[in-house]
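Quick notes on the structure that follows.
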Amino acid sequence: MIETFSTLCLILIFILSIRGFYIFYNNKVKLREIAGIYFLKNLNYSIYFFILILILFYSIILLNIYNNYIVFNFTNNYKIIFSQIPKYLSIAIVEEFIFRILLFASLIHYISRKNALIFFASVLFSLYHFPTNGIYFVSYFLAGIMYGYSFVKFQSILIPIGIHFSWNFVQGAIFGFPVSGIESDGLLNISIIPHDIYNGGSQGPEGSVIGIMIRLAIIVLIYSLPSKQTNDQFLKYASDFKS
């Protein structure tokens, strides 16, 4: 059943993305303001989130070691960290461009309340990952909330890209966990005894209860941090196909 929903979701995402790209193209002159592409203004927060995610995933490692769910060894191959930056950065950029730029552009004239828009895009984001159980669905849904809420609050696509990259990069390239069910080569070489609470098994920590808790912690941090952005043109796309 979930595979059918996820397949239909992919079709819907494709259709909405085509429409969103048309609107995006017609608004390309003021794209910097619409998407909040200001690198220096958002650098500090991106660094904060990276450090937080690093600490949180380190705590996952410690909890799993303490409970004997992980055996690991250092590879001492520090080059592997840097070699995977392009992969994880490109994934974050592409997915955030689709779900936060194209989908928002396609839907914002029909779903004017940003909270509802974040919610709907988060459901699509979760189904896009073909979740096979309730934990996976909730985790990826909260990931969509995490990225979408940070985009709207800080009025910049760079923040969700930074959080998305940090999550995948720390999870995979540094600690060697699977990322969304795909095995990773990391600084740590780990063997996992699957556990729904502590590590998510072959799905990675994002498929675990503790992964859900970490997503919630990051959402709370996003809520707590002040937003210094005052961009009147944020998400102000020219309406539909009339531009």
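Here, A, B, ... name the chains of the structure tokens in the order displayed, residue numbers run from 1 inside each chain, and ligands are numbered from 1 in the same displayed order.
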* **Selection: 8 Å around stretch 203-206 of chain A, only C-alpha atoms, excl. self and same-chain fewer than 4 positions, as a list in words** =>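 Non-adjacent residues within range: Ile60, Tyr136, Ser139, Tyr140, Gln171, Phe177, Pro178, Val179, Ser180, Gly181, Ile182, Tyr198, Asn199, Ile210, Gly211 and Ile212 of chain A.
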Any chance you could tabulate, as a Markdown table, the residues of stretch 51-159 of chain A at most 9 Å from stretch 30-39 of chain A with each one's nearest atom pair and distance in Å to one decimal, using only C-alpha atoms, in chain and rising number order?
| residue | atom | partner | partner_atom | distance |
| --- | --- | --- | --- | --- |
| A:Arg100 | CA | A:Ala35 | CA | 9.0 |
| A:Ile101 | CA | A:Ala35 | CA | 7.2 |
| A:Phe151 | CA | A:Ala35 | CA | 8.7 |
| A:Phe154 | CA | A:Gly36 | CA | 8.4 |
| A:Gln155 | CA | A:Gly36 | CA | 5.6 |
| A:Ser156 | CA | A:Gly36 | CA | 4.0 |
| A:Ile157 | CA | A:Ala35 | CA | 5.6 |
| A:Leu158 | CA | A:Ile37 | CA | 6.5 |
* Tell me, as a PyMOL selection string, which residues lie within 9 Å of A:Ile214, counting only C-alpha atoms; anything in the same chain fewer than 5 positions away does not count. => chain A and resi 53+56-57+206+209+219
Could you write out that same residue set with N, CA and C atoms as a CSV table (one decimal), in the first residue's frame?
chain,number,residue,atom,x,y,z
A,53,ILE,N,24.2,19.0,15.2
A,53,ILE,CA,24.0,17.7,14.7
A,53,ILE,C,25.2,16.8,14.9
A,56,LEU,N,24.8,15.7,18.5
A,56,LEU,CA,23.7,14.8,18.7
A,56,LEU,C,24.0,13.4,18.1
A,57,PHE,N,24.6,13.3,17.0
A,57,PHE,CA,25.0,12.0,16.4
A,57,PHE,C,26.1,11.3,17.2
A,206,GLU,N,18.0,7.9,11.3
A,206,GLU,CA,16.8,8.6,10.9
A,206,GLU,C,15.6,7.7,10.9
A,209,VAL,N,13.6,5.7,16.8
A,209,VAL,CA,12.9,6.6,17.7
A,209,VAL,C,13.8,7.7,18.2
A,219,ILE,N,14.0,21.1,15.6
A,219,ILE,CA,12.8,21.9,15.4
A,219,ILE,C,12.6,22.9,16.5
* Structure fact -> If you count only C-alpha atoms, the residue of A:Phe5, A:Phe120, A:Tyr69, A:Tyr149 closest to A:Tyr223 turns out to be A:Tyr149
* **Pairwise distance for atom CA of A:His129 and atom CA of A:His195, rounded to one decimal in Å** =>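 Calculated distance between atom CA of A:His129 and atom CA of A:His195 is 19.9 Å.
Distances from A:Lys79, A:Lys41, A:His109, A:Lys114 to A:Ile159 were compared using only C-alpha atoms, and the smallest one belongs to A:Lys41.
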* Among stretch 47-219 of chain A, which residues carry a DSSP assignment of alpha helix (DSSP H), reported as an MDAnalysis selection string? -> chainID A and resid 47:66 79:83 85:96 103:107 114:128 134:154 158:169 209:219
* To do: Please provide the set of residues having any atom within 8 Å of A:Leu142, restricted to only C-alpha atoms, with same-chain residues fewer than 4 positions apart removed, written as a PyMOL selection string.
  => chain A and resi 122+138+146+212+215-216
* Backbone-only DSSP, strand (DSSP E) members of stretch 53-214 of chain A, as an MDAnalysis selection string -> chainID A and resid 70:74 188:192
* Any idea what the distance is between atom CA of A:Trp167 and atom CA of A:Ile91? ->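 A separation of 11.4 Å between them.
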* Kindly indicate which residue among A:Pro86, A:Ala173, A:Thr7, A:Ser227 lies nearest to A:Pro131, using only C-alpha atoms for the distances. =>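 Closest residue, counting only C-alpha atoms: A:Thr7.
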